[in-house]
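Asker: First the structure, which I've put down as C-alpha cells, then a few questions once you've had a look.
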Amino acid sequence: MSLDIETAAALKQTVRIVPPSDGVAALEAKNINVWFGNHHVLSDVNLRFPTNSVTALIGPSGCGKSTFIRTLNRMHELLPGAKLAGEVLVDGEDIYGPKQDPVNVRLHVGMVFQKPNPFPSMSIGENVLAGLKLAKRKVENKEEILEDALTKAGLWNEVKDRLKVSAGALSGGQQQRLCIARSLVLHPSVLLMDEPCSALDPGSTARIEETIRELSHNMTIVIVTHNMQQALRVSDYTAFFLSTDGKPGQVVEAGETVQLFHEPKDKRTDDYVHGRFG
Amino acid sequence: MSDLLTIPAPHEPWKVSDPLFTAQQLITHLGTPLLAALITVLSPVSGYSGFFVVWLPLHVITAGLLGKYGHRKKDFANTTLEVLMGAALVVFGTFVASVMWPVVSNGIAGFHFSLLTQDASATEVDAPLNVGGMGHAILGSLIIVGAATAISVPIGVLAALYVTEVRGKLTPFVRFFVQAMSGVPSIVAGLFVYAALVVSGLLQFSGLAGAIALSILMLPTVARTAEEILRLVPDDLRTAALALGGTQWRVVRMVVLPAARSGLITAAILGIARVAGETAPLLLTAFGNTAFNANPVSDSMSALPLYVFSQMLLGGENDVARAWVACLVLLVIVGVLFTTARVVASKMKKA
Amino acid sequence: MAVTFGWPPSRLPSVHSGFGWTKPLLRIPDTPSAHHFPVTTIESPATQAPTPRNIPVVRRVSDRVFRGILIAGGLAAFIILSGIFGYLAKSATPVLKAFGFEFFTGSVWYSGDGLLASEGSVDPAQFGLLPMLWGSLLIAFVAVAIALPLAVGVALAVTYMIPKKLALPLTIFIDLVAAIPSIVFGLWGFYVLMPHGALWAQWLNTNLSWVPFFQVEFPAFEQSPFMAGIVLAIMITPIIAAVAREIFAAVPRDLITGAQALGASRWTLIRDVVLPFGRGGIIGGAMLGLGRALGETIAVFFVLQLFTEGTNWFHILESSGGSVASLIVSRFGEAQPLELSALFGAGLALFLITLLANAGATAIVAASTRKRK
C-alpha cells in the first residue's frame with residue numbers, strides 16, 4: 001500500500017493541473033486558542049490554507065487536530081463547554097463575527113466525518129440530496145446534481161442502479177464516499193475531512209484518496225489524518241500538531257508536505273514522521 | 001506422526017452430568033412441592049395458601065440440608081437464597097395467574113357478541129347477558145384515548161426534544177418535573193380537570209374533559225420513553241446534518257425524528273397502555289353514560305373502565321359477568337398494545 | 001509558538017532508499033520563490049495569555065421559533081403541575097377557611113346537611129382528613145412491606161438466577177403486569193382475593209394476636225387495610241422490581257467477576273456486592289411504589305371499608321380504614337358545595353404527599369446512579 005515519495009509526488013503532479021494558488025488563501029486561522037471548560041486544549045494556531053490545495057493535519061492522538069478542524073466551520077461550539085479565541089477567516093471574513101450565521105458558514109465549509117454517517121431513514125439518492133433539503137434549496141435538475149455529486153465522489157457507477165435502496169446497504173467505504181457526495185451537493189468552497197479513512201479498508205481508502213485529489217481542483221481541502229503516508233499521498237501542505245506534558249496542543253511545524261517529511265526543521269517533527277513516537 | 005495430529009474433541013467438563021447431583025436437585029425442587037401438596041391434602045392445613053405455608057419452609061430446609069451434607073456441598077445461606085428467589089417468582093407468578101385466570105375464564109364464559117355492539121341504555125339491572133352491551137363504552141374509550149393521545153404525544157415529544165436537542169440550562173428542571181408528574185395520582189388529575197374545566201364552565205362532563213385528564217397521566221410516560229428513544233439517535237447524525245448547513249429545526253424534522261419514528265410510536269403506545277384502563281379520572285370528567293355518544297364535547301361519555309365500574313356497582317350476577325367480559329376486552333387491548341410497543345422497540349434497538 | 005505557513009507547492013521528485021523517508025533528490029531552494037506565500041515563519045511566543053472570545057450565536061428566526069416551542073413543551077410538565085396545585089388550592093379555599101389546619105388533623109368526616117353551624121345548620125358538617133390520610137399511609141406501608149421482598153426476590157432471580165433466554169420475556173411480562181388496569185385489580189380483589197384473604201386475616205388474628213398489628217376490635221376481616229395492602233402490593237411489585245432490576249443489571253461486570261474470582265457464592269456475591277451497590281435503587285423503587293400505592297383509587301375503592309368517624313391507627317386486619325383517593329371517588333357524586341371543596345382539599349393533600357414521595361424516590365435513585373458513575 002505504501003507509496004514512496006517519488007510516486008506520491010508524481011501522482012500529485014499528474015493529477016494536479018490547475019496551479020494551486022493565486023495568492024488568496026481560501027481559509028485562514030489566526031491565533032486560534034481552544035478551551036473545553038477551563039481546559040486549554042489548543043494554543044495559538046496560525047495556519048493559512050491556500051485556495052484549491054490539500055492540507056493535511058497530522059499529529060499523535062489528543063493533540064487537538066480534530067478539535068481544530070471543528071473550529072473551522074463552527075461545529076466546535078456545539079460541544080458542551082467549548083470556548084475559543086482567535087479568528088477564522090473564510091474569503092477574508094471572520095466566521096465568528098457578530099453577524100455570521102453558523103448555518104451559512106457550514107454551507108460554505110463542508111465537513112466529512114471519521115465514521116461514515118449516512119442518514120438511515122433515507123435512500124442513497126435522498127442521502128445525497130439531503131443537503132438541499134436541509135438547506136431548503138429548491139432545484140430543478142435533481143437527477144443531474146445527484147449524478148454529478150456521485151460521480152465526483154467516485155460512487156456513481158456502483159450505485160446508479162440502486163439509488164432508491166437504503167444507504168445502510170452500502171459498504172463502509174461506499175458509505176463514506178456517499179457522505180462526501182452528500183457534502184459536495186452544496187458546492188462548499190472548503191471541505192474539511194476528519195480522518196475520513198480511519199474506519200475503512202485499504203481499497204476504499206485508495207478510492208477516497210483519489211477522490212480527494214480530484215476534488216482539490218476546485219475546492220480547498222483540509223484533512224486530519226493519522227496516517228502519515230496518506231498525508232504524503234494526498235496533501236500539498238502539512239501541519240504537525242503536538243501536545244506534550246498536558247500542555248495545550250500547538251502547531252510545531254507546518255509547510256509543504258514533501259519538505260516537512262524530508263527536511264523537518266524541528267527535531268520533534270523529524271521524530272514523529274519517522275515513527276519514533278506517536 | 002498421526003498421533004501427534006489428533007485433535008482432541010471439545011469437552012465441557014463443567015457440564016458433565018452427575019446422576020447423584022441431578023437426583024438431589026430433583027428431590028429438592030420437585031420432591032418438596034409434592035410432599036407439601038400431600039401434607040396439605042392429608043392434614044388439617046388446606047387451600048393453596050396452606051400449601052404455601054407448608055411448602056416454603058420445607059423447601060428451604062430440604063435444600064439447605066442437602067446442600068450442606070449432600071452431594072456437591074453448598075453453603076446453607078446460598079441454597080436458602082436460591083430457594084427464596086425462586087419462591088418470590090412463584091408467589092408473584094401465582095398472584096398474577098390468579099388475577100389473569102378469572103378474567104379470562106369469566107370473560108370467555110360471559111362473552112356474547114352482542115356485548116361488543118350494543119349499548120346499555122335499555123339494559124335493566126341483572127338483565128340477561130344477550131341484552132345490551134358495552135359498544136358505547138368501546139366507542140367512548142376509542143374517542144377519549146384517541147383524543148388524549150393527540151394531546152399528549154406532541155407535548156411529550158416536545159418535552160423530550162427539549163432535553164435531547166436544546167440541552168439548555170433547564171434540562172434538569174424539565175426532567176425533574178416530568179418525573180414528578182409521573183407520580184400524580186390519577187384521581188388528582190381528574191379533580192384538576194374537573195375544577196379547571198368543568199366547574200368553571202369551559203366544558204361539560206364530556207369525552208374531551210376525560211381526554212384532557214388522561215393526557216395529564218399519559219404525558220410523562222410519553223415524554224420519558226421518547227427521551228430514551230431520541231437518545232438512541234446517534235449524535236453523528238445530528239452533527240452530519242448540521243454540517244450540511246441544516247438549521248436545528250430542519251435537522252430535527254428531517255433527520256432526528258425520522259430516525260426515531262418507530263421508537264416514538266412505541267412511546268405513544270406505552271402511553272396509551274398506561275391510561276386505557278384508568279377509571280378514577282374519568283369518573284370525575286367523562287362521568288359515564290349508558291348510551292352511544294360520539295360527540296366528545298357535548299354530554300357525558302362512557303369508557304370501558306367506567307363500564308366495568310358501573311356494572312360492578314349494579315352488582316347483579318349478570319352485571320358482574322358483563323364486568324368480567326369488559327375486563328377481558330380491556331386486558332386484551334392493553335396486552336396487545338403493550339406487546340406491540342415492546343416488539344417495535346426491540347426491533348428499533350436492533351437496527 | 002505561532003507558526004504561519006503557506007508555500008507554492010513544488011513538485012520535487014525524490015528517491016526512496018529502502019526504509020523510511022530519505023532526502024529529496026533536489027533540495028528545496030532556501031529563498032522564497034515568486035509566489036505570494038511566505039516561508040514558514042516562527043513568530044515569537046504570545047506575550048499575553050489568550051482569553052476566550054465571546055462568540056455571538058445568531059440563530060435564524062425558524063430556529064428561534066422552534067427552540068421557543070421546545071422550551072414551551074419542556075415547561076409543560078411544570079405548568080401543569082403548578083396548574084394542579086393552583087386549582088386544587090383555590091377550590092379547597094372554602095373548606096380551609098372554615099376549618100383551618102383542623103381540616104388535616106380532625107378525625108371526623110361527616111357531611112351532615114352540607115352546611116356549617118355558623119351558616120345555621122341543624123346537622124352541621126365536619127370535615128377532618130386525618131383518618132383518610134393515615135389510612136392511605138397505612139395501606140401503602142402494608143403494600144410496600146409485602147411488595148418489597150417480593151420485588152427484590154423477583155429482580156434478583158431475573159438478573160442472577162434465570163437463564164438469559166428466559167430473563168427477557170420475564171422482564172417484559174413483569175412490565176406488562178404493571179400495565180394491568182387497576183379496575184381489573186379491583187374486581188379481582190373483591191371477588192377472588194377477599195374470600196381467601198379473609199381466611200388469612202382470621203388465621204393471623206387467631207394465632208398471632210400478640211402482634212399489635214394483628215389485633216382487631218371487632219371480628220370482621222373483609223374490607224380491611226390488609227386486603228387493600230395485598231392488592232396494592234401486587235400492583236406495585238412490578239414497579240419496584242423494574243427499578244431494582246435495572247440497578248442490579250448495572251452492577252459492573254468486573255465487580256462481579258472479581259468477586260467470583262475470590263470464590264464468592266451466589267449468596268455472598270449478592271450480599272456483599274449486589275445489594276450494597278443496589279441499595280439506593282431498592283429504596284428509590286420502594287418509594288416510587290409507595291407513591292403509586294398512595295394514589296391508587298379504584299382498586300382500593302372495592303376492597304376497603306371506609307370508616308370516616310375515627311382513625312384506625314394500626315389494626316390492619318379490621319374491616320375499617322381510610323384512603324384519601326377512595327374517599328374522593330365515593331363522596332364525589334353526592335357532595336354538597338362545601339364537601340366538594342373538602343374533597344378538593346383532600347386531593348391537594350394527596351397530591352402533595354405523592355409529590356413528596358416521588359421527589360424523594362427520584363432524588364435517591366439519581367444519587368445512587370451518580371455514585372455509580
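For the C-alpha cells, the naming scheme is as follows: chains receive sequential letters (A, B, ...) according to their order of presentation, residues are indexed from 1 within each chain, and ligands are indexed from 1 in presentation order.
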Might you pull out every residue within 12 Å of Met132 (chain C), with only C-alpha atoms counted and same-chain residues fewer than 2 positions away left off, and present them as a ChimeraX atom specification?
Answerer: /C:103-109,127-130,134-139,225,294,304-313,320-328,343,346-347,349-350
Asker: Residues within 8 Å of Ala198 (chain C), please, as a list in words. Count only C-alpha atoms; anything in the same chain fewer than 2 positions from it doesn't count.
Answerer: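 Residues near the query, excluding close chain neighbours: Met194, Pro195, His196, Trp200, Ala201, Gln202, Phe221, Glu222 and Met227 of chain C.
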Asker: Please save C-alpha atoms of the selected residues as a PDB file, in the first residue's frame.
Answerer:
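As a result, selection26.pdb now contains:
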```pdb
ATOM      1  CA  MET C 194     -61.245 -11.348  49.538  1.00  0.00           C
ATOM      2  CA  PRO C 195     -62.683 -14.797  50.329  1.00  0.00           C
ATOM      3  CA  HIS C 196     -59.154 -16.172  50.725  1.00  0.00           C
ATOM      4  CA  TRP C 200     -55.592 -15.496  56.088  1.00  0.00           C
ATOM      5  CA  ALA C 201     -56.500 -12.481  58.188  1.00  0.00           C
ATOM      6  CA  GLN C 202     -58.522 -14.607  60.554  1.00  0.00           C
ATOM      7  CA  PHE C 221     -61.920  -9.233  58.247  1.00  0.00           C
ATOM      8  CA  GLU C 222     -63.084  -8.487  54.758  1.00  0.00           C
ATOM      9  CA  MET C 227     -56.696  -6.621  51.990  1.00  0.00           C
TER      10      MET C 227
END
```
Asker: What are the residues of chain A lining chain B at 6 Å or less? Count only C-alpha atoms, and put the answer as a ChimeraX atom specification.
Answerer: /A:103,106-107,111,121,131,134-135
Asker: Could you write out the selected residues, including N, CA and C atoms, as a compact mmCIF listing (two decimals), in the first residue's frame?
Answerer:
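Output (again_33.txt):
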```txt
# COMPACT_ATOMS: atom_id res chain seq x y z
N VAL A 103 -25.20 28.59 10.25
CA VAL A 103 -25.75 27.73 9.21
C VAL A 103 -25.13 28.07 7.86
N ARG A 106 -21.53 26.86 7.58
CA ARG A 106 -21.42 25.42 7.31
C ARG A 106 -21.79 25.10 5.86
N LEU A 107 -22.58 25.95 5.26
CA LEU A 107 -22.89 25.74 3.85
C LEU A 107 -21.64 26.01 2.99
N MET A 111 -18.14 19.39 5.70
CA MET A 111 -17.36 18.53 6.58
C MET A 111 -17.70 17.06 6.35
N SER A 121 -32.66 6.75 7.67
CA SER A 121 -34.06 6.71 7.24
C SER A 121 -34.20 7.13 5.77
N GLY A 131 -28.67 17.47 1.74
CA GLY A 131 -28.17 18.82 1.99
C GLY A 131 -29.09 19.87 1.40
N LEU A 134 -32.07 20.03 3.62
CA LEU A 134 -31.75 20.65 4.90
C LEU A 134 -31.53 22.14 4.75
N ALA A 135 -30.94 22.54 3.62
CA ALA A 135 -30.67 23.96 3.41
C ALA A 135 -31.85 24.62 2.71
```
Asker: Return as a VMD selection string the full set of residues in region 83-143 of chain A whose backbone-based DSSP assignment is alpha helix (DSSP H).
Answerer: chain A and resid 102 to 108 124 to 134 142 to 143
Asker: Can you list, as number ranges by chain, all residues belonging to region 78-324 of chain C that DSSP tags as strand (DSSP E or B)?
Answerer: C: 109-110, 126-127, 306, 321
Asker: Would you write out those residues with C-alpha atoms, as a PDB file, in the first residue's frame?
Answerer:
```pdb
ATOM      1  CA  TRP C 109     -65.593  13.363  58.141  1.00  0.00           C
ATOM      2  CA  TYR C 110     -69.303  13.974  58.341  1.00  0.00           C
ATOM      3  CA  GLN C 126     -67.497  18.434  59.769  1.00  0.00           C
ATOM      4  CA  PHE C 127     -64.506  17.635  57.614  1.00  0.00           C
ATOM      5  CA  LEU C 306     -64.105   3.446  54.562  1.00  0.00           C
ATOM      6  CA  GLY C 321     -59.851   2.058  57.192  1.00  0.00           C
TER       7      GLY C 321
END
```
Asker: Might you pull out every residue within 8 Å of Ser183 (chain A), with only C-alpha atoms counted and same-chain residues fewer than 2 positions away left off, and present them as a list in words?
Answerer: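 Within the cut-off, the hits are Gly110, Met111, Val112, Val128, Gly131, Cys179, Ile180, Ala181, Val185, Leu186, His187 and Pro188 of chain A; Leu244 of chain B.
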Asker: Just the residues within 12 Å of Phe51 (chain B), please, counting only C-alpha atoms, with nothing from its chain fewer than 6 positions along; format it as a count of residues only.
Answerer: 18
Asker: Tell me, as a ChimeraX atom specification, which residues lie within 6 Å of Met219 (chain A), counting only C-alpha atoms; anything in the same chain fewer than 5 positions away does not count.
Answerer: /A:52,189-190
Asker: Can those selected residues be exported to a file as a compact mmCIF listing (two decimals), in the first residue's frame so that it contains C-alpha atoms?
Answerer:
```
# COMPACT_ATOMS: atom_id res chain seq x y z
CA ASN A 52 -7.56 24.70 -4.13
CA SER A 189 -15.61 26.23 -1.18
CA VAL A 190 -13.80 24.41 1.59
```
Asker: With distances taken over only C-alpha atoms, which residue among B:Asn295, B:Ser141, B:Thr62, B:Ser182 lies nearest chain C?
Answerer: B:Ser182
